[in-house]
Amino acid sequence: MKKVLNVPDQVVEEMLQGAVAAHPQYVRRVEGFDVLVRANSPVKGKVGLVSGGGSGHEPSHAGFVGRGMLDGAVAGAVFTSPTPDQVYEAVKAVNGGKGVLLVIKNYTGDVMNFEMAAEMAGADNIAVEKVVVNDDVAVENSTWTTGRRGIAGTVFVHKIAGAKAETGAELAEVKRVAEKVIANVRSMGMALAPCTVPAAGKPSFVLAEDEMEIGMGIHGEPGTHRESIRTADEITEHLLNKVLGDMTLAKGDEVAVMVNGLGATPLMELYVVNRKVAEMLGGKGLKTVKTFIGNYMTSLEMAGFSVTVLKLDAELKELLLAPADTPALVQF
Amino acid sequence: MKKVLNVPDQVVEEMLQGAVAAHPQYVRRVEGFDVLVRANSPVKGKVGLVSGGGSGHEPSHAGFVGRGMLDGAVAGAVFTSPTPDQVYEAVKAVNGGKGVLLVIKNYTGDVMNFEMAAEMAGADNIAVEKVVVNDDVAVENSTWTTGRRGIAGTVFVHKIAGAKAETGAELAEVKRVAEKVIANVRSMGMALAPCTVPAAGKPSFVLAEDEMEIGMGIHGEPGTHRESIRTADEITEHLLNKVLGDMTLAKGDEVAVMVNGLGATPLMELYVVNRKVAEMLGGKGLKTVKTFIGNYMTSLEMAGFSVTVLKLDAELKELLLAPADTPALVQF
Amino acid sequence: MVAAIEAIADVIFENKQFLTDLDQAIGDGDHGINMARGFEAVRTKLSTAPPAADIGAMLKTVGMTLISTVGGAAGPLYGTAFMRAAAAGQGKNSLDGETALQMLAAAITGIKERGKATRGEKTMLDALEPAYDAFAQGLSENKSLLDCLELARDAAGAGVEYTKTIIATKGRASYLGERSLGHQDPGATSSHLMLAALLAYGRSQHQGV
Amino acid sequence: MVAAIEAIADVIFENKQFLTDLDQAIGDGDHGINMARGFEAVRTKLSTAPPAADIGAMLKTVGMTLISTVGGAAGPLYGTAFMRAAAAGQGKNSLDGETALQMLAAAITGIKERGKATRGEKTMLDALEPAYDAFAQGLSENKSLLDCLELARDAAGAGVEYTKTIIATKGRASYLGERSLGHQDPGATSSHLMLAALLAYGRSQHQGV
Ligand SMILES: Nc1ncnc2c1ncn2[C@@H]1O[C@H](COP(=O)(O)OP(=O)(O)O)[C@@H](O)[C@H]1O
Ligand SMILES: Nc1ncnc2c1ncn2[C@@H]1O[C@H](COP(=O)(O)OP(=O)(O)O)[C@@H](O)[C@H]1O
Ligand SMILES: [Mg+2]
Ligand SMILES: [Mg+2]
Ligand SMILES: [Mg+2]
Ligand SMILES: [Mg+2]
C-alpha cells in the first residue's frame, strides 16, 4: 500500500482537519463529529441539504458544501456509511427552519443509517425528507437486487436540488426537483486498476495487466464483467450505449454530461473519453449544455472513469446553470 | 501500460478535441495547431498571456485559459516542449494589440522553443516579453545547473499575472507582476509511484514497494534522493521546510498555499498533507490567505504531491483573490 | 455478562481479517474492519462505564455503541438487534433459556424490520433464523441453556454453509447476481462467530464453577 | 543527398528505443521518441516535396521540419544546426571537404548560440566539437572527405564515452548533479549515430561507383 498517510485509522479525522484548514471560507466542522457544514450554517429560511456516505470519494461530498449546493456532508469511515448519530448532527446543524433533505446514495447501509437519523430528527420535530440516488446502470434494477447503486450522478442532485433550495423553495419542492434529477440521470463506470482501503492495507480486487472491469462500483464492488482492455473509444461507446439505453432521449433534447475520474486516471485520458462522448451525443442530435470533467466521485486511487448523462428540461437546465460556490465546484 | 487510450501517438490531438468539446464556453482551437485560446480571443486592449509546455500536466495549461488567467495554451507532445511555430501561432491568436507575455517553465527545451517563437513574433512587430518560472527548490540554483525547474508555482503566475492583465495594465507591468510572483514562490514535490508516457509504453522510473523519491520533477526527472516511505507528516515537514528555507518570511506575513496532486494521489491524502502544512504555517505565525488543493500541475498518473508557498504583499494578494473563470479554476 | 460481551469482541478481533476477506470477495471488503471498530468502542465503553448488572441496560449500551461506530449495513442491523434484545432482557440479572430465546427473537425481528430481508437472501438472517429455530427446538426438548446455544451455534454454522449455495438478493453482494454463488456471507459468518464465542464463554464459566 | 538524410533518419528509427532509454536514465525519457517523430516528418516532407538538388535548400527543409516537429531541447538545437549548415551549403550540388567542414562549424556555432553550452557540459557538443576537430585535422592532412568523416565519427564516439565521465551542467541531466556520472549523454549519442550513418552511406555510395 503506497499512500501518503499517518495512521490508517485516523485518515478520516486528519482529512477533515485538512479540509477545514484548506476551506475555512466554505466549511466548518461540527465539533466532535465527522460533519462539515457551511461556515454560515444554518442558513435561515432555506431548506438544508445533507449528503454523505463512506469516505474515499472526495471531493464528494464535503467538496460540494457551499452556496448553491449542499449545506452539510457527513463522512463515514472509508467506504463505510456514516452512522445515524453523525447524520443526525448534520441535520441539526443545517436546519434553518424549513426542514432538511437527505441525499442518499442507494446502498443498504447508507439508506438504513440515514433513515435512522431521519427518525431521530423526526423525534425533534425537524422536517426531514430523503431521496435515494440510483444512477448506476451497471446494476439491474430488479426485485433480485437492492436496486441500482448511486454513483457520480449524485453530484447532479447536489447541484440542482441545491440551486432549488437556494431559491427559498419549500422542502417538498426541493425534494420534487431532486427526484426529477434522479429520474433523469444515468451513469456507468469502468476500472483499470483497484484501490486500497487504508485500514485494509491491500487492494480491494485484482485485475491482470491487460484486464479491465466494466460496470465497476465506486467501492470496488464488481461490475458486469471483465475483459481485455480495449481502446478508449470502444470502452466509451460501450458505457455510453448502456447509459443511453436506459434513458428516453429524442433528437434535439438537451443534456448535461459528466466524465468522472475515479482517482488515478489523468485528466488527459478523461478528455480522450469526452471526445468520443461528444461525438456520439452529437451524432444522435443531442445538445450538450454543460460538460463536467474531472474527479467528482472518486474511489480513492482507483484507475478508471464513469460517464453520466442527465436529461434536462427547462427547470433542470436553469438550476444546473445557476451559480455555485463550493470547494470543488464553482460557477458564475 | 494501463491507460484509457486509442492510439498513443494521437493522444494530444484527441485530448485537445475532447477539451474543446468539454469547454466550448471557454476555449477554441487555433485551427491546425495544438493551441487552445479563449473562445473570444484576441481580447482587444488587453495584454495576452500565453503559456504551455509538454502535455501530461493537465489541467496545466489549457485548463487555465479564460477570464482572469491565460489567453492561450500550447500543448507539446507528452512531456516535450512545444515547437516554436506552435507557440508563435498562439501569440498571434491572442495578441489584442497590447503585446503578449510568455510564461515559461524553466526547462532548456521550453526556454529555447519559446524564445524562438518570440523571435518569430518579434519579426511581425508583436511586442513579446517572457518570464521563466523556477520554483522547484529540489534543484539547486547554481551555475552548475540550468537552474531550478518550473513546477506547480507556475499556476500562481497564471493566476496573478492573468488578473493583472485583466485590469488593462501594460505589458511591462504585467511582466513585473509575473516576476514578483516568481521571486516569491517556491515548491517541492515527491513521488510514490511513476507514470508512463504513452509513446514510451513503460514507466519512466521504478520505485520499490516501500520507496519514495523526494524532490521528484514533474517529468519524472530524479529528485534529491530516495528513501523508505515515511508518514505524511514527516514527508510534509521535510518538503515544507525545504520550501520555507528558501524564502524570507516573518511572523504575520501572508501566504498562499498549493497542495498539488501529481495525478494518482487522492484528494483524501492531499487533505492529510494540508493538515500538517496548515499546522506548520500557523505555528510560524504565517497567515494563509488561500489554499489551493487538488490536481493543478500533474505528471500523468504519477502518485505523489508537491507543496507550494507564495509570499503575498498587498498587490499580489488582491490579484490572487480577483475573479477567475477558466475550466480548472473558477473563483468569484 | 460483561465478560460474555468481551468474548464476542475477542472473536471479532481475531476474525477481523477473515471477515474482511469474505467481504472483499462479494462486497466492499470492510465487514471485519467495521465490526472490529464497533467492538473496540464497546470494549472501551464497558470498561469505562460501571458495568450494569442489568443485562438489558448493558445490551442497550452495546447496541447504541454499535449503531454509532460500526456504520455500513452491519451497524444499524447489529445495533438494532442488540437494542431489541436489550428491551427483551430488561431488568434481568441472569439469563434463562426462555428469556434468551425471546431476546434472540426480538433481535431477529429488529434486523428484519430494519433491513427488510428474509431468510434465503444470503444475509446474517441465514445464520440467525436457523439458530433461533434450533434454540427453540432444544428448549422444547428441555435442554439446558448452553446445550440450546450449542444447537443454535451449529445451526448458524450450517446456515453459513448454506449461504454459499444461494444468490444474494440483499446488500452489496446482490450486485453480483450469480457470481455471489460459492461465497459465504460475511454477516452470516460474523453472526455464527458471535454465537460460538458466547457458547465457548458459557462453557468455560460452567466448567470454572 | 536525400538518400543521405534517409540514412540518418533510419539510424534514428533503429535507435529510437536506445536513445529513449539513455534519456530515461538521466533525463525525461523522450529523446528517441522526439528525434524519431522529427525524422518521420522529414522523411514525409522530402518524399512529397520535389527533392532539391541544392544541398542548402534541402538542409533548410530538414532544419525547419525538425524545429517544428521535435520540440524539447533537441528540436531547436538540431533544427538550428541544420539551418546553419544549410546556409553554409547554399547553392552547392555536391560536397567537398572544405564545405563540409564549414557546414559542421556553422552547425556547432548555431547549437552554442541557441543552447549557451560549451564543451564539457555533457551535451551533444561533446560529440560534435571533437568531431569537428578531427575532421579539420584530417583535412589539413589532405585526407579524403570520407576519411575525414571517419575520423569525425570516431572522435564523436570517443566524445560519447567521455560524457560518461563528466557531470552534466546543461539540460535536464544537470538536475542530477553527481548522479549523472557513468551515464552517456543521449544527445551526444544521437550526434554520433548521425555521423556514423552519414559515413556508412558515403562508403556504400563510393563502393557502388
Ligand atoms: N438488508 C439486509 N438485511 C440483513 N442483513 C444484511 C442486509 N444487507 C446486508 N446485510 C448483511 O450485512 C453484511 C455486510 O456488512 P458490512 O460489510 O459491514 O456492510 P456494507 O455492505 O455496508 O459494507 C452482509 O454480509 C449481510 O450479512
Ligand atoms: N543547452 C544545451 N546545449 C546543447 N545540447 C543540449 C543542451 N541542453 C540539452 N542538450 C542536449 O539535448 C539532449 C536532450 O534532448 P531531448 O531529450 O530531446 O530534450 P529534453 O531534455 O527537452 O527532453 C541532451 O542529451 C543534450 O545532449
Ligand atoms: Mg461498506
Ligand atoms: Mg522532454
Ligand atoms: Mg462491507
Ligand atoms: Mg528528454
# chains A, B, ... in the order shown; residues from 1 in each chain; ligands from 1
>>> residues_near_ligand(ligand="ligand 3", cutoff="6 Å", atoms="only C-alpha atoms and all ligand atoms", output="ChimeraX atom specification")
/A:79-80 /C:28,30,72
>>> write_last_selection(atoms="C-alpha atoms", output="short mmCIF file (atom, residue, chain, number, x, y, z; two decimals), in the first residue's frame")
data_model
loop_
_atom_site.label_atom_id
_atom_site.label_comp_id
_atom_site.auth_asym_id
_atom_site.auth_seq_id
_atom_site.Cartn_x
_atom_site.Cartn_y
_atom_site.Cartn_z
CA PHE A 79 -16.19 3.20 2.02
CA THR A 80 -18.49 2.71 5.02
CA ASP C 28 -16.63 -3.97 -0.34
CA ASP C 30 -14.89 -3.77 5.23
CA GLY C 72 -22.36 0.40 6.82
#
>>> residues_around(residues="region 8-19 of chain C", least_positions_apart="5", cutoff="10 Å", atoms="only C-alpha atoms", output="PyMOL selection string")
(chain A and resi 200) or (chain C and resi 2-3+24+29-43+185-187+189-191+193-201)
>>> residues_around(residues="region 204-216 of chain B", least_positions_apart="3", cutoff="9 Å", atoms="only C-alpha atoms", output="PyMOL selection string")
(chain A and resi 1-2) or (chain B and resi 136-139+188-197+200+219-230+235+239+304+306) or (chain D and resi 24-25+28-29)
>>> residues_around(residues="Val35 (chain A)", least_positions_apart="6", cutoff="9 Å", atoms="only C-alpha atoms", output="list of chain:residue names")
A:Leu16, A:Arg28, A:Arg29, A:Gly52, A:Ala62, A:Gly72, A:Ala73, A:Val74, A:Ala75, A:Gln86, A:Val87, A:Glu89, A:Ala90
>>> atom_distance(atom1="CA of Thr291 (chain B)", atom2="CA of Leu300 (chain A)")
21.5 Å
>>> select_by_dssp(residues="region 205-319 of chain B", states="strand (DSSP E or B)", output="PyMOL selection string")
chain B and resi 211-214+225-228+254-261+263+287-294+299+301-311
>>> write_last_selection(atoms="N, CA and C atoms", output="compact mmCIF listing (two decimals), in the first residue's frame")
# COMPACT_ATOMS: atom_id res chain seq x y z
N GLU B 211 9.46 2.45 -1.24
CA GLU B 211 10.35 3.56 -1.53
C GLU B 211 9.61 4.77 -2.06
N MET B 212 10.15 5.94 -1.80
CA MET B 212 9.61 7.16 -2.41
C MET B 212 10.79 8.00 -2.90
N GLU B 213 10.51 8.91 -3.81
CA GLU B 213 11.54 9.80 -4.33
C GLU B 213 11.21 11.22 -3.88
N ILE B 214 12.13 11.84 -3.19
CA ILE B 214 11.94 13.20 -2.68
C ILE B 214 12.51 14.19 -3.70
N HIS B 225 16.75 12.61 -3.51
CA HIS B 225 17.16 11.29 -3.03
C HIS B 225 15.93 10.39 -2.90
N ARG B 226 16.26 9.11 -2.69
CA ARG B 226 15.21 8.12 -2.42
C ARG B 226 15.34 7.65 -1.00
N GLU B 227 14.22 7.30 -0.41
CA GLU B 227 14.27 6.70 0.92
C GLU B 227 13.00 5.90 1.15
N SER B 228 12.95 5.22 2.27
CA SER B 228 11.74 4.46 2.60
C SER B 228 10.60 5.43 2.87
N GLU B 254 1.60 37.18 5.06
CA GLU B 254 0.51 36.45 4.43
C GLU B 254 1.05 35.59 3.30
N VAL B 255 0.49 34.39 3.18
CA VAL B 255 0.93 33.48 2.12
C VAL B 255 -0.29 32.83 1.46
N ALA B 256 -0.04 32.32 0.26
CA ALA B 256 -1.00 31.42 -0.38
C ALA B 256 -0.31 30.07 -0.49
N VAL B 257 -1.11 29.01 -0.45
CA VAL B 257 -0.57 27.65 -0.42
C VAL B 257 -1.20 26.84 -1.54
N MET B 258 -0.38 25.99 -2.14
CA MET B 258 -0.96 24.99 -3.04
C MET B 258 -0.46 23.61 -2.65
N VAL B 259 -1.39 22.71 -2.38
CA VAL B 259 -1.05 21.30 -2.18
C VAL B 259 -1.54 20.59 -3.44
N ASN B 260 -0.59 20.24 -4.27
CA ASN B 260 -0.87 19.82 -5.63
C ASN B 260 -0.69 18.31 -5.80
N GLY B 261 -1.70 17.65 -6.31
CA GLY B 261 -1.59 16.22 -6.59
C GLY B 261 -0.95 15.98 -7.94
N GLY B 263 -1.37 13.40 -9.85
CA GLY B 263 -2.22 12.69 -10.81
C GLY B 263 -2.97 11.53 -10.19
N LYS B 287 0.05 33.74 7.97
CA LYS B 287 -1.38 33.76 7.74
C LYS B 287 -1.66 33.25 6.32
N THR B 288 -2.36 32.13 6.23
CA THR B 288 -2.68 31.57 4.92
C THR B 288 -3.96 32.20 4.40
N VAL B 289 -3.82 32.98 3.35
CA VAL B 289 -4.96 33.71 2.80
C VAL B 289 -5.82 32.80 1.93
N LYS B 290 -5.18 31.88 1.25
CA LYS B 290 -5.94 30.99 0.36
C LYS B 290 -5.15 29.71 0.14
N THR B 291 -5.85 28.59 0.15
CA THR B 291 -5.23 27.29 -0.10
C THR B 291 -5.85 26.67 -1.35
N PHE B 292 -5.01 26.31 -2.29
CA PHE B 292 -5.47 25.55 -3.46
C PHE B 292 -5.08 24.10 -3.22
N ILE B 293 -6.03 23.22 -3.37
CA ILE B 293 -5.73 21.81 -3.09
C ILE B 293 -6.38 20.94 -4.16
N GLY B 294 -5.59 20.13 -4.80
CA GLY B 294 -6.11 19.31 -5.89
C GLY B 294 -5.06 19.13 -6.97
N SER B 299 1.47 15.06 -13.44
CA SER B 299 2.51 14.34 -14.16
C SER B 299 1.88 13.01 -14.56
N GLU B 301 -0.20 9.97 -14.54
CA GLU B 301 -0.78 9.25 -13.39
C GLU B 301 0.28 9.00 -12.33
N MET B 302 1.24 9.91 -12.20
CA MET B 302 2.23 9.75 -11.14
C MET B 302 1.52 9.87 -9.79
N ALA B 303 1.95 9.09 -8.81
CA ALA B 303 1.43 9.24 -7.45
C ALA B 303 2.41 10.09 -6.65
N GLY B 304 1.90 11.07 -5.97
CA GLY B 304 2.74 11.97 -5.19
C GLY B 304 2.11 13.35 -5.14
N PHE B 305 2.84 14.28 -4.59
CA PHE B 305 2.30 15.62 -4.47
C PHE B 305 3.42 16.64 -4.36
N SER B 306 3.07 17.89 -4.49
CA SER B 306 4.03 18.96 -4.23
C SER B 306 3.36 20.00 -3.35
N VAL B 307 4.20 20.72 -2.64
CA VAL B 307 3.71 21.82 -1.80
C VAL B 307 4.32 23.11 -2.31
N THR B 308 3.48 24.12 -2.46
CA THR B 308 3.93 25.43 -2.94
C THR B 308 3.52 26.50 -1.95
N VAL B 309 4.43 27.41 -1.67
CA VAL B 309 4.10 28.57 -0.84
C VAL B 309 4.43 29.83 -1.61
N LEU B 310 3.50 30.75 -1.63
CA LEU B 310 3.70 32.04 -2.28
C LEU B 310 3.58 33.12 -1.21
N LYS B 311 4.62 33.92 -1.10
CA LYS B 311 4.56 35.04 -0.17
C LYS B 311 3.80 36.19 -0.83
>>> interface_residues(of="chain B", to="chain A", cutoff="7 Å", atoms="only C-alpha atoms", output="PyMOL selection string")
chain B and resi 2+4-6+14-15+17-19+21-22+56+58-59+192+231-233+263-269+271-272+274-275+278+291+300-301+330-331
>>> write_last_selection(atoms="N, CA, C and O atoms", output="compact mmCIF listing (two decimals), in the first residue's frame")
# COMPACT_ATOMS: atom_id res chain seq x y z
N LYS B 2 -1.41 0.62 -18.40
CA LYS B 2 -2.87 0.58 -18.33
C LYS B 2 -3.41 2.00 -18.48
O LYS B 2 -3.31 2.80 -17.55
N VAL B 4 -6.54 4.58 -20.58
CA VAL B 4 -7.71 4.72 -21.44
C VAL B 4 -7.25 5.54 -22.65
O VAL B 4 -7.14 6.76 -22.58
N LEU B 5 -6.94 4.85 -23.72
CA LEU B 5 -6.27 5.45 -24.86
C LEU B 5 -6.76 4.85 -26.17
O LEU B 5 -7.24 3.72 -26.18
N ASN B 6 -6.61 5.61 -27.24
CA ASN B 6 -6.75 4.99 -28.55
C ASN B 6 -5.35 4.76 -29.08
O ASN B 6 -4.68 3.87 -28.63
N GLU B 14 -6.29 14.05 -29.60
CA GLU B 14 -7.60 13.63 -29.10
C GLU B 14 -7.95 14.34 -27.80
O GLU B 14 -9.12 14.66 -27.56
N MET B 15 -6.94 14.57 -26.97
CA MET B 15 -7.18 15.32 -25.74
C MET B 15 -7.68 16.73 -26.07
O MET B 15 -8.64 17.22 -25.45
N GLN B 17 -9.19 17.78 -28.73
CA GLN B 17 -10.57 17.72 -29.25
C GLN B 17 -11.56 17.53 -28.10
O GLN B 17 -12.61 18.18 -28.06
N GLY B 18 -11.21 16.66 -27.18
CA GLY B 18 -12.09 16.42 -26.03
C GLY B 18 -12.23 17.64 -25.15
O GLY B 18 -13.30 17.90 -24.58
N ALA B 19 -11.13 18.39 -25.03
CA ALA B 19 -11.17 19.59 -24.18
C ALA B 19 -12.04 20.67 -24.81
O ALA B 19 -12.82 21.33 -24.12
N ALA B 21 -14.48 20.16 -26.85
CA ALA B 21 -15.86 19.68 -26.75
C ALA B 21 -16.40 19.90 -25.33
O ALA B 21 -17.58 20.20 -25.15
N ALA B 22 -15.54 19.78 -24.33
CA ALA B 22 -15.99 19.93 -22.94
C ALA B 22 -16.19 21.40 -22.55
O ALA B 22 -17.09 21.71 -21.77
N GLY B 56 0.59 16.36 -20.54
CA GLY B 56 0.71 15.42 -19.44
C GLY B 56 0.64 16.09 -18.08
O GLY B 56 0.73 15.41 -17.06
N GLU B 58 -1.98 18.18 -17.26
CA GLU B 58 -3.33 18.69 -17.20
C GLU B 58 -3.85 18.75 -15.77
O GLU B 58 -3.59 17.81 -15.01
N PRO B 59 -4.58 19.81 -15.38
CA PRO B 59 -5.17 20.83 -16.23
C PRO B 59 -4.20 21.89 -16.75
O PRO B 59 -4.64 22.74 -17.50
N LEU B 192 5.50 8.73 -5.12
CA LEU B 192 5.37 7.38 -4.57
C LEU B 192 5.42 6.34 -5.69
O LEU B 192 5.78 5.20 -5.46
N THR B 231 5.88 8.85 7.18
CA THR B 231 4.49 9.26 7.37
C THR B 231 4.22 10.54 6.60
O THR B 231 5.14 11.30 6.24
N ALA B 232 2.95 10.80 6.36
CA ALA B 232 2.54 12.02 5.67
C ALA B 232 3.11 13.24 6.38
O ALA B 232 3.58 14.19 5.73
N ASP B 233 3.06 13.24 7.70
CA ASP B 233 3.55 14.40 8.45
C ASP B 233 5.05 14.59 8.26
O ASP B 233 5.53 15.71 8.09
N GLY B 263 -1.37 13.40 -9.85
CA GLY B 263 -2.22 12.69 -10.81
C GLY B 263 -2.97 11.53 -10.19
O GLY B 263 -4.17 11.40 -10.34
N ALA B 264 -2.25 10.68 -9.46
CA ALA B 264 -2.90 9.47 -8.93
C ALA B 264 -3.08 9.52 -7.43
O ALA B 264 -3.55 8.57 -6.83
N THR B 265 -2.71 10.63 -6.82
CA THR B 265 -2.86 10.71 -5.37
C THR B 265 -4.21 11.30 -5.03
O THR B 265 -4.54 12.40 -5.46
N PRO B 266 -5.01 10.56 -4.25
CA PRO B 266 -6.38 11.04 -3.99
C PRO B 266 -6.40 12.29 -3.12
O PRO B 266 -5.50 12.53 -2.32
N LEU B 267 -7.44 13.04 -3.30
CA LEU B 267 -7.68 14.27 -2.55
C LEU B 267 -7.61 14.00 -1.05
O LEU B 267 -7.15 14.83 -0.27
N MET B 268 -8.09 12.84 -0.62
CA MET B 268 -8.02 12.47 0.79
C MET B 268 -6.60 12.64 1.32
O MET B 268 -6.39 13.23 2.39
N GLU B 269 -5.63 12.14 0.59
CA GLU B 269 -4.24 12.23 1.04
C GLU B 269 -3.74 13.68 1.00
O GLU B 269 -2.98 14.10 1.87
N TYR B 271 -5.49 16.26 1.57
CA TYR B 271 -6.04 16.93 2.77
C TYR B 271 -5.22 16.56 4.01
O TYR B 271 -4.98 17.40 4.87
N VAL B 272 -4.81 15.29 4.09
CA VAL B 272 -3.98 14.87 5.22
C VAL B 272 -2.67 15.68 5.21
O VAL B 272 -2.20 16.15 6.25
N ASN B 274 -2.32 18.66 3.88
CA ASN B 274 -2.63 20.07 4.18
C ASN B 274 -2.84 20.31 5.67
O ASN B 274 -2.57 21.41 6.18
N ARG B 275 -3.30 19.29 6.36
CA ARG B 275 -3.45 19.41 7.81
C ARG B 275 -2.10 19.79 8.41
O ARG B 275 -1.99 20.71 9.22
N ALA B 278 -0.89 23.34 7.26
CA ALA B 278 -1.58 24.42 7.99
C ALA B 278 -1.03 24.52 9.41
O ALA B 278 -0.82 25.63 9.93
N THR B 291 -5.85 28.59 0.15
CA THR B 291 -5.23 27.29 -0.10
C THR B 291 -5.85 26.67 -1.35
O THR B 291 -7.06 26.53 -1.43
N LEU B 300 0.96 13.11 -15.52
CA LEU B 300 0.15 11.96 -15.92
C LEU B 300 -0.42 11.28 -14.68
O LEU B 300 -1.02 11.96 -13.86
N GLU B 301 -0.20 9.97 -14.54
CA GLU B 301 -0.78 9.25 -13.39
C GLU B 301 0.28 9.00 -12.33
O GLU B 301 0.23 8.00 -11.59
N VAL B 330 -12.11 28.43 -11.04
CA VAL B 330 -13.15 29.45 -11.06
C VAL B 330 -13.21 30.04 -9.68
O VAL B 330 -13.22 29.32 -8.68
N GLN B 331 -13.18 31.34 -9.59
CA GLN B 331 -13.48 31.94 -8.29
C GLN B 331 -14.22 33.25 -8.46
O GLN B 331 -14.02 33.97 -9.42
>>> residues_around(residues="region 150-159 of chain D", least_positions_apart="2", cutoff="12 Å", atoms="only C-alpha atoms", output="PyMOL selection string")
chain D and resi 100-101+104+119-139+141+143-148+161-166+184-203
>>> closest_atom_pairs(of="chain D", to="chain B", cutoff="8 Å", atoms="only C-alpha atoms", output="CSV")
residue,atom,partner,partner_atom,distance
D:Thr20,CA,B:Ala200,CA,8.0
D:Gln24,CA,B:Ser204,CA,6.3
D:Ile26,CA,B:Glu221,CA,7.4
D:Gly27,CA,B:Glu221,CA,6.0
D:Asp28,CA,B:Glu221,CA,5.8
D:Gly29,CA,B:Ser204,CA,6.7
D:Asp30,CA,B:Thr80,CA,7.4
D:Ile33,CA,B:Ala199,CA,7.4
D:Asn34,CA,B:Thr80,CA,7.9
D:Ile67,CA,B:Thr83,CA,6.4
D:Ser68,CA,B:Thr83,CA,5.2
D:Thr69,CA,B:Thr83,CA,6.4
D:Val70,CA,B:Thr83,CA,7.0
D:Gly71,CA,B:Thr83,CA,4.7
D:Gly72,CA,B:Gly109,CA,4.2
D:Ala73,CA,B:Gly109,CA,3.6
D:Ala74,CA,B:Gly109,CA,7.3
D:Gly75,CA,B:Thr83,CA,7.5
D:Pro76,CA,B:Asn113,CA,6.3
D:Arg114,CA,B:Met112,CA,6.9
D:Gly115,CA,B:Met112,CA,7.3
D:Ala168,CA,B:Thr145,CA,7.8
D:Thr169,CA,B:Thr145,CA,4.8
D:Lys170,CA,B:Thr146,CA,5.5
D:Gly171,CA,B:Thr108,CA,5.6
D:Arg172,CA,B:Tyr107,CA,7.1
D:Ser174,CA,B:Thr145,CA,5.0
D:Tyr175,CA,B:Val139,CA,6.0
D:Leu176,CA,B:Pro222,CA,6.7
D:Gly177,CA,B:Thr145,CA,7.8
>>> select_by_dssp(residues="region 113-174 of chain C", states="alpha helix (DSSP H)", output="ChimeraX atom specification")
/C:113-115,125-140,145-163
>>> decode(residues="region 45-78 of chain C", atoms="C-alpha atoms", output="PDB file, in the first residue's frame")
ATOM      1  CA  LYS C  45     -17.360   1.844  26.827  1.00  0.00           C
ATOM      2  CA  LEU C  46     -17.894  -1.147  29.069  1.00  0.00           C
ATOM      3  CA  SER C  47     -14.507  -0.740  30.719  1.00  0.00           C
ATOM      4  CA  THR C  48     -15.003   2.947  31.460  1.00  0.00           C
ATOM      5  CA  ALA C  49     -18.698   2.947  32.390  1.00  0.00           C
ATOM      6  CA  PRO C  50     -19.606   0.971  35.512  1.00  0.00           C
ATOM      7  CA  PRO C  51     -20.849  -2.371  34.169  1.00  0.00           C
ATOM      8  CA  ALA C  52     -24.558  -2.691  34.838  1.00  0.00           C
ATOM      9  CA  ALA C  53     -25.820  -5.810  36.492  1.00  0.00           C
ATOM     10  CA  ASP C  54     -28.979  -5.405  34.426  1.00  0.00           C
ATOM     11  CA  ILE C  55     -28.445  -7.390  31.238  1.00  0.00           C
ATOM     12  CA  GLY C  56     -30.881  -5.177  29.378  1.00  0.00           C
ATOM     13  CA  ALA C  57     -29.067  -1.999  30.324  1.00  0.00           C
ATOM     14  CA  MET C  58     -25.748  -3.440  29.318  1.00  0.00           C
ATOM     15  CA  LEU C  59     -27.017  -4.698  25.948  1.00  0.00           C
ATOM     16  CA  LYS C  60     -28.564  -1.309  25.300  1.00  0.00           C
ATOM     17  CA  THR C  61     -25.127   0.241  25.717  1.00  0.00           C
ATOM     18  CA  VAL C  62     -23.715  -2.327  23.326  1.00  0.00           C
ATOM     19  CA  GLY C  63     -26.430  -1.651  20.756  1.00  0.00           C
ATOM     20  CA  MET C  64     -26.134   2.110  20.909  1.00  0.00           C
ATOM     21  CA  THR C  65     -22.361   1.919  20.690  1.00  0.00           C
ATOM     22  CA  LEU C  66     -22.533  -0.350  17.651  1.00  0.00           C
ATOM     23  CA  ILE C  67     -25.044   1.953  15.969  1.00  0.00           C
ATOM     24  CA  SER C  68     -22.792   4.944  16.433  1.00  0.00           C
ATOM     25  CA  THR C  69     -19.486   3.307  15.487  1.00  0.00           C
ATOM     26  CA  VAL C  70     -19.931   0.457  13.004  1.00  0.00           C
ATOM     27  CA  GLY C  71     -21.679   2.154  10.114  1.00  0.00           C
ATOM     28  CA  GLY C  72     -22.364   0.396   6.821  1.00  0.00           C
ATOM     29  CA  ALA C  73     -25.122  -2.197   6.722  1.00  0.00           C
ATOM     30  CA  ALA C  74     -23.949  -4.206   9.717  1.00  0.00           C
ATOM     31  CA  GLY C  75     -24.015  -1.224  12.099  1.00  0.00           C
ATOM     32  CA  PRO C  76     -27.729  -0.463  12.033  1.00  0.00           C
ATOM     33  CA  LEU C  77     -28.579  -4.167  11.810  1.00  0.00           C
ATOM     34  CA  TYR C  78     -26.481  -5.491  14.686  1.00  0.00           C
TER      35      TYR C  78
END
